[in-house]
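A.B. asks: To start, I am sharing the structure in question, which I have written as structure tokens.
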Amino acid sequence: MSMPMLSPLFLILLFSLTFRATKSTAVQRNHPMRLRFGKNGEFKILQVADMHYANGKGTPCEDVLPYQISSCSDLNTTAFVRRMILAEKPDLIVFTGDNIFGFDATDAAKSLDAAFAPAIASNIPWAAVLGNHDQESTLSREGVMKHIVGLKNTLSKVNPSGVKTINGFGNYNLEVGGVKGSDFENKSVLNLYFLDSGDYSTVPGIFGYGWIKPSQQFWFQLTSAKLKRAYMNKPFPQKTAAPGLTFFHIPLPEFSSFDASNYTGVRQEGISSPSVNSGFFTSMVEAGDVKAVFTGHDHLNDFCGLLTGINLCYGGGFGYHAYGKAGWSRRARVVVANLERTAKGNWGSVKSIRTWKRLDDKHLTPIDSQVLWSKS
């Protein structure tokens, strides 16, 4: 399917309106925002992978059909984010890295402001991790994450508080509380983990992409165990851990474990994982709470496959300045967790986690709906 080409005048107006929402400084600190399930017993996440934003209207699109080239730019990415927000009305927006394409971004701060502008304007909480291209402009990797943390409505963190030594920037977790007024109001019934999967190897003799380091895995293990204890303790102690979802940019080597018979979606390019298997998949299996992992990086892959109880999922290429495939629509992933009803008829713990994708075509066509995990 081909993507819709909105008029340049509309896109410029859209960009102008949404960009104004980013007028915040890197030193701004956001008011605490508690994530929780809505009164309908649902919590919805929009994943945006690989925007590759650069300089706005003047930035050309990659891998689009010939008739689309003259009117296509970063503003098409902006319009797609906005359309997805309006269509899905998510409770949280998660950007899984390569938010900007540093080599082509003249000013990293301005590019970041513009890339996240639709999320900021929506007043919906959002979170971000870094990819391998975010730091290639005028800000360091740490500088990029600090700038993101200063933007309005974000729940992103540079790193977890109280942790003195941890590799990378953008390692943190978020807790999603139960429905207000329910027995689970003060419990985290869904746990979200965010990690910096790095950019490129800095170890002599080891080439290729970065990986999740032991210090990050140790933090994850401690955090998972702490959340599990809290969930299984009073009040309303539970028998098992609350389900968890993990977000980072570069896919793990385990993403290569699938063939066409055991995944949902498409695999149109190789798995660009690190040459080192640091064991993070095993850490998640041992922790026992993670039900799905969501990455980006490989724009032509959008599949989900189940391995040892954990779904490994790509978001699919989103941005128009990122490489893609002409005629193959850019896309976004939606993840929805639903609660079960208790014997008293109130909302309880998470019953199921589902996902689907939407294409950036005329109808935002939904595809590949599937259940990732079910309590039963």
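Residue numbering restarts at 1 for every chain of the structure tokens, chains are lettered A, B, ... in their displayed order, and ligands are numbered from 1 as they appear.
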Using only C-alpha atoms, I'd like a table of the residues in range 77-139 of chain A that come within 12 Å of range 206-211 of chain A; for each, show the closest atom pair and its distance in Å rounded to one decimal, ordered by chain and ascending number, as CSV.

C.D. replies:
```
residue,atom,partner,partner_atom,distance
A:Leu130,CA,A:Gly210,CA,11.7
A:Gly131,CA,A:Gly210,CA,9.9
A:Asn132,CA,A:Tyr209,CA,8.0
A:His133,CA,A:Tyr209,CA,11.2
```

A.B. asks: Write out the residues from the selection above, keeping N, CA and C atoms, as a PDB file, in the first residue's frame.

C.D. replies:
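Listing of out-v5.pdb after writing:
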```pdb
ATOM      1  N   LEU A 130      17.064   5.619  23.623  1.00  0.00           N
ATOM      2  CA  LEU A 130      17.961   6.039  22.553  1.00  0.00           C
ATOM      3  C   LEU A 130      18.255   4.892  21.595  1.00  0.00           C
ATOM      4  N   GLY A 131      18.509   5.258  20.334  1.00  0.00           N
ATOM      5  CA  GLY A 131      18.968   4.303  19.341  1.00  0.00           C
ATOM      6  C   GLY A 131      20.451   4.491  19.076  1.00  0.00           C
ATOM      7  N   ASN A 132      20.910   4.058  17.936  1.00  0.00           N
ATOM      8  CA  ASN A 132      22.329   4.196  17.608  1.00  0.00           C
ATOM      9  C   ASN A 132      22.638   5.454  16.812  1.00  0.00           C
ATOM     10  N   HIS A 133      21.604   6.242  16.424  1.00  0.00           N
ATOM     11  CA  HIS A 133      21.841   7.455  15.643  1.00  0.00           C
ATOM     12  C   HIS A 133      21.542   8.746  16.393  1.00  0.00           C
TER      13      HIS A 133
END
```

A.B. asks: Would you return as a VMD selection string the members of range 34-168 of chain A that DSSP assigns to strand (DSSP E) on this structure's backbone?

C.D. replies: chain A and resid 35 to 36 42 to 48 92 to 96 126 to 129

A.B. asks: Would you pick out the contacts of range 224-236 of chain A at 10 Å or less, using only C-alpha atoms, so that residues sharing its chain but fewer than 3 positions from it are not included, and give the list as JSON, numbers by chain?

C.D. replies: {"A": [173, 175, 183, 184, 186, 187, 188, 189, 190, 191, 192, 193, 218, 219, 220, 221, 239, 240, 241, 242, 243, 244, 284, 287, 288, 289, 290]}

A.B. asks: Just C-alpha atoms for this one: save the residues we selected as a tab-separated table (two decimals), in the first residue's frame.

C.D. replies:
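Result file is result_18.tsv:
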```tsv
chain	number	residue	atom	x	y	z
A	173	ASN	CA	11.12	1.69	34.78
A	175	GLU	CA	4.69	1.38	37.02
A	183	ASP	CA	-8.43	-3.07	45.20
A	184	PHE	CA	-5.43	-2.65	42.89
A	186	ASN	CA	-2.10	1.29	44.81
A	187	LYS	CA	-0.44	-1.68	43.15
A	188	SER	CA	1.53	-1.70	39.93
A	189	VAL	CA	-0.33	-4.25	37.82
A	190	LEU	CA	1.82	-3.69	34.71
A	191	ASN	CA	5.55	-2.94	34.80
A	192	LEU	CA	7.42	-1.21	31.99
A	193	TYR	CA	11.20	-1.47	31.63
A	218	PHE	CA	21.79	-6.27	37.37
A	219	TRP	CA	19.57	-3.19	37.74
A	220	PHE	CA	16.79	-4.94	35.81
A	221	GLN	CA	17.02	-8.06	37.99
A	239	LYS	CA	0.42	-15.44	43.73
A	240	THR	CA	2.58	-14.43	40.78
A	241	ALA	CA	4.40	-11.34	39.51
A	242	ALA	CA	2.62	-8.64	37.56
A	243	PRO	CA	3.35	-8.86	33.81
A	244	GLY	CA	6.14	-6.71	32.41
A	284	MET	CA	14.38	-11.79	31.43
A	287	ALA	CA	13.01	-12.93	36.15
A	288	GLY	CA	9.75	-14.45	34.97
A	289	ASP	CA	7.65	-11.32	34.62
A	290	VAL	CA	8.48	-10.00	31.13
```

A.B. asks: So that I can check the surroundings of Phe255 in chain A, please list as a PyMOL selection string every protein, DNA and RNA residue that reaches within 9 Å of it, counting only C-alpha atoms and ignoring chain neighbours fewer than 2 positions away.

C.D. replies: chain A and resi 251-253+257-258+271+273+305+307+312-313

A.B. asks: Would you save the residues of that selection, restricted to N, CA, C and O atoms, as a compact mmCIF listing (two decimals), in the first residue's frame?

C.D. replies:
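The result, stored in part.txt:
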```txt
# COMPACT_ATOMS: atom_id res chain seq x y z
N PRO A 251 17.67 -5.01 18.44
CA PRO A 251 17.13 -6.34 18.75
C PRO A 251 18.20 -7.27 19.31
O PRO A 251 19.38 -7.18 18.96
N LEU A 252 17.77 -8.18 20.16
CA LEU A 252 18.66 -9.18 20.73
C LEU A 252 18.99 -10.26 19.69
O LEU A 252 18.22 -10.47 18.74
N PRO A 253 20.10 -10.97 19.86
CA PRO A 253 20.42 -12.07 18.95
C PRO A 253 19.30 -13.10 18.85
O PRO A 253 19.13 -13.75 17.81
N SER A 257 15.84 -16.32 15.97
CA SER A 257 15.38 -17.68 16.25
C SER A 257 14.16 -18.10 15.46
O SER A 257 13.75 -19.26 15.52
N PHE A 258 13.56 -17.16 14.71
CA PHE A 258 12.27 -17.44 14.09
C PHE A 258 12.38 -17.67 12.58
O PHE A 258 13.30 -17.17 11.93
N ILE A 271 18.61 -9.74 10.79
CA ILE A 271 18.50 -9.24 12.18
C ILE A 271 19.81 -8.55 12.54
O ILE A 271 20.84 -9.18 12.67
N SER A 273 21.46 -7.48 15.09
CA SER A 273 21.71 -7.54 16.54
C SER A 273 23.20 -7.41 16.80
O SER A 273 24.01 -7.46 15.87
N GLY A 305 7.44 -12.79 17.53
CA GLY A 305 7.59 -14.23 17.67
C GLY A 305 7.76 -14.59 19.13
O GLY A 305 8.37 -13.85 19.91
N LEU A 307 9.24 -16.84 22.11
CA LEU A 307 10.40 -17.68 22.44
C LEU A 307 10.51 -17.81 23.95
O LEU A 307 10.66 -16.82 24.66
N LEU A 312 9.04 -11.52 21.21
CA LEU A 312 10.05 -10.58 20.70
C LEU A 312 9.44 -9.87 19.50
O LEU A 312 9.15 -10.50 18.47
N CYS A 313 9.25 -8.55 19.62
CA CYS A 313 8.48 -7.80 18.63
C CYS A 313 9.25 -6.60 18.09
O CYS A 313 9.91 -5.87 18.84
```

A.B. asks: Quick one: of A:Gly296, A:Gly97, A:Gly317, A:Gly102, who's nearest to Ala54 in chain A, counting only C-alpha atoms?

C.D. replies: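 Nearest to Ala54 in chain A: A:Gly102.
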
A.B. asks: Please list as an MDAnalysis selection string every residue within 12 Å of Lys44 in chain A, counting only C-alpha atoms and excluding residues in the same chain fewer than 2 positions away.

C.D. replies: chainID A and resid 35:38 40:42 46:47 85 88:94 124:126 176 190 333:339 353:356

A.B. asks: Just write the chosen residues, C-alpha atoms, as an mmCIF file, in the first residue's frame.

C.D. replies:
```cif
data_model
loop_
_atom_site.group_PDB
_atom_site.id
_atom_site.type_symbol
_atom_site.label_atom_id
_atom_site.label_comp_id
_atom_site.auth_asym_id
_atom_site.auth_seq_id
_atom_site.Cartn_x
_atom_site.Cartn_y
_atom_site.Cartn_z
ATOM 1 C CA LEU A 35 0.169 5.949 35.013
ATOM 2 C CA ARG A 36 -2.879 3.800 35.683
ATOM 3 C CA PHE A 37 -5.538 1.788 33.916
ATOM 4 C CA GLY A 38 -8.668 3.627 32.843
ATOM 5 C CA ASN A 40 -12.671 0.683 31.067
ATOM 6 C CA GLY A 41 -9.985 -1.634 32.454
ATOM 7 C CA GLU A 42 -7.604 -0.898 29.596
ATOM 8 C CA LEU A 46 1.616 3.453 21.082
ATOM 9 C CA GLN A 47 5.108 2.409 19.973
ATOM 10 C CA ILE A 85 -2.490 9.678 18.448
ATOM 11 C CA GLU A 88 -5.765 5.310 19.001
ATOM 12 C CA LYS A 89 -5.876 7.790 21.906
ATOM 13 C CA PRO A 90 -3.109 5.936 23.774
ATOM 14 C CA ASP A 91 -2.434 6.213 27.496
ATOM 15 C CA LEU A 92 1.326 6.241 26.861
ATOM 16 C CA ILE A 93 3.499 6.864 23.797
ATOM 17 C CA VAL A 94 6.858 5.058 23.673
ATOM 18 C CA ILE A 124 -0.371 12.312 26.747
ATOM 19 C CA PRO A 125 2.494 10.928 28.866
ATOM 20 C CA TRP A 126 5.379 9.667 26.762
ATOM 21 C CA VAL A 176 1.082 1.261 35.837
ATOM 22 C CA LEU A 190 1.823 -3.686 34.711
ATOM 23 C CA ARG A 333 2.592 -0.745 16.764
ATOM 24 C CA VAL A 334 -0.158 -0.579 19.375
ATOM 25 C CA VAL A 335 -0.074 -2.635 22.592
ATOM 26 C CA VAL A 336 -3.130 -2.986 24.845
ATOM 27 C CA ALA A 337 -3.370 -4.580 28.293
ATOM 28 C CA ASN A 338 -6.809 -5.454 29.641
ATOM 29 C CA LEU A 339 -7.824 -6.191 33.231
ATOM 30 C CA ILE A 353 -2.002 -8.262 26.443
ATOM 31 C CA ARG A 354 -2.784 -7.753 22.749
ATOM 32 C CA THR A 355 -1.085 -5.973 19.873
ATOM 33 C CA TRP A 356 -1.671 -4.843 16.302
#
```

A.B. asks: Enumerate, as an MDAnalysis selection string, the complete set of residues in range 245-346 of chain A that a backbone-based DSSP assignment places in alpha helix (DSSP H).

C.D. replies: chainID A and resid 280:287

A.B. asks: Kindly indicate which residue among A:Ser161, A:Arg358, A:Ser111, A:His297 lies nearest to Glu136 in chain A, using only C-alpha atoms for the distances.

C.D. replies: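 The shortest atom-to-atom distance to Glu136 in chain A comes from A:Ser111.
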
A.B. asks: Point out the residue among A:Asn55, A:Val276, A:Asp259, A:Leu174 with the least atom-to-atom distance to Val203 in chain A, counting only C-alpha atoms.

C.D. replies: A:Val276

A.B. asks: Excluding Thr308 in chain A and its own-chain neighbours fewer than 4 positions away, which residues fall within 10 Å of it when counting only C-alpha atoms? Please give them as a list in words.

C.D. replies: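 The residues satisfying every condition are Phe281, Thr282, Val285 and Lys291 of chain A.
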
A.B. asks: Please produce a file of those selected residues containing C-alpha atoms, as a PDB file, in the first residue's frame.

C.D. replies:
```pdb
ATOM      1  CA  PHE A 281      17.204 -12.572  27.171  1.00  0.00           C
ATOM      2  CA  THR A 282      18.164 -15.212  29.729  1.00  0.00           C
ATOM      3  CA  VAL A 285      13.409 -15.461  31.301  1.00  0.00           C
ATOM      4  CA  LYS A 291       5.883 -11.086  28.567  1.00  0.00           C
TER       5      LYS A 291
END
```

A.B. asks: What is the CA of Glu62 in chain A-CA of Leu195 in chain A distance in Å, reported with one decimal?

C.D. replies: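 Computed distance, CA of Glu62 in chain A to CA of Leu195 in chain A, equals 28.1 Å.
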
A.B. asks: To one decimal place, how far is CA of Gly265 in chain A from CA of Asn301 in chain A in Å?

C.D. replies: 7.7 Å

A.B. asks: Choose the residue, out of A:Gly56, A:Asn153, A:Gly168, A:Lys146, that has the smallest atom-to-atom separation from Ala115 in chain A; count only C-alpha atoms.

C.D. replies: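 Result for the nearest residue to Ala115 in chain A: A:Gly56.
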
A.B. asks: For the atom pair CA of Ile45 in chain A and CA of Leu306 in chain A, what is the interatomic distance in Å to one decimal place?

C.D. replies: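 Computing it gives 19.7 Å between the two atoms.
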
A.B. asks: Near Phe280 in chain A, within 9 Å and counting only C-alpha atoms, which residues show up once chain neighbours fewer than 6 positions away are dropped, as JSON, numbers by chain?

C.D. replies: {"A": [212, 213, 214, 217, 252]}

A.B. asks: Given the selection you just returned, output its residues as a file containing N, CA and C atoms, formatted as a PDB file, in the first residue's frame.

C.D. replies:
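File out.pdb, as written:
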```pdb
ATOM      1  N   ILE A 212      23.258  -4.618  25.726  1.00  0.00           N
ATOM      2  CA  ILE A 212      22.862  -4.326  27.106  1.00  0.00           C
ATOM      3  C   ILE A 212      23.881  -4.961  28.042  1.00  0.00           C
ATOM      4  N   LYS A 213      24.504  -4.119  28.876  1.00  0.00           N
ATOM      5  CA  LYS A 213      25.661  -4.509  29.674  1.00  0.00           C
ATOM      6  C   LYS A 213      25.259  -5.161  31.009  1.00  0.00           C
ATOM      7  N   PRO A 214      26.213  -5.830  31.672  1.00  0.00           N
ATOM      8  CA  PRO A 214      25.917  -6.479  32.966  1.00  0.00           C
ATOM      9  C   PRO A 214      25.339  -5.527  34.007  1.00  0.00           C
ATOM     10  N   GLN A 217      21.710  -5.167  33.331  1.00  0.00           N
ATOM     11  CA  GLN A 217      20.995  -6.400  33.649  1.00  0.00           C
ATOM     12  C   GLN A 217      20.837  -6.566  35.152  1.00  0.00           C
ATOM     13  N   LEU A 252      17.768  -8.176  20.164  1.00  0.00           N
ATOM     14  CA  LEU A 252      18.661  -9.181  20.733  1.00  0.00           C
ATOM     15  C   LEU A 252      18.989 -10.256  19.693  1.00  0.00           C
TER      16      LEU A 252
END
```
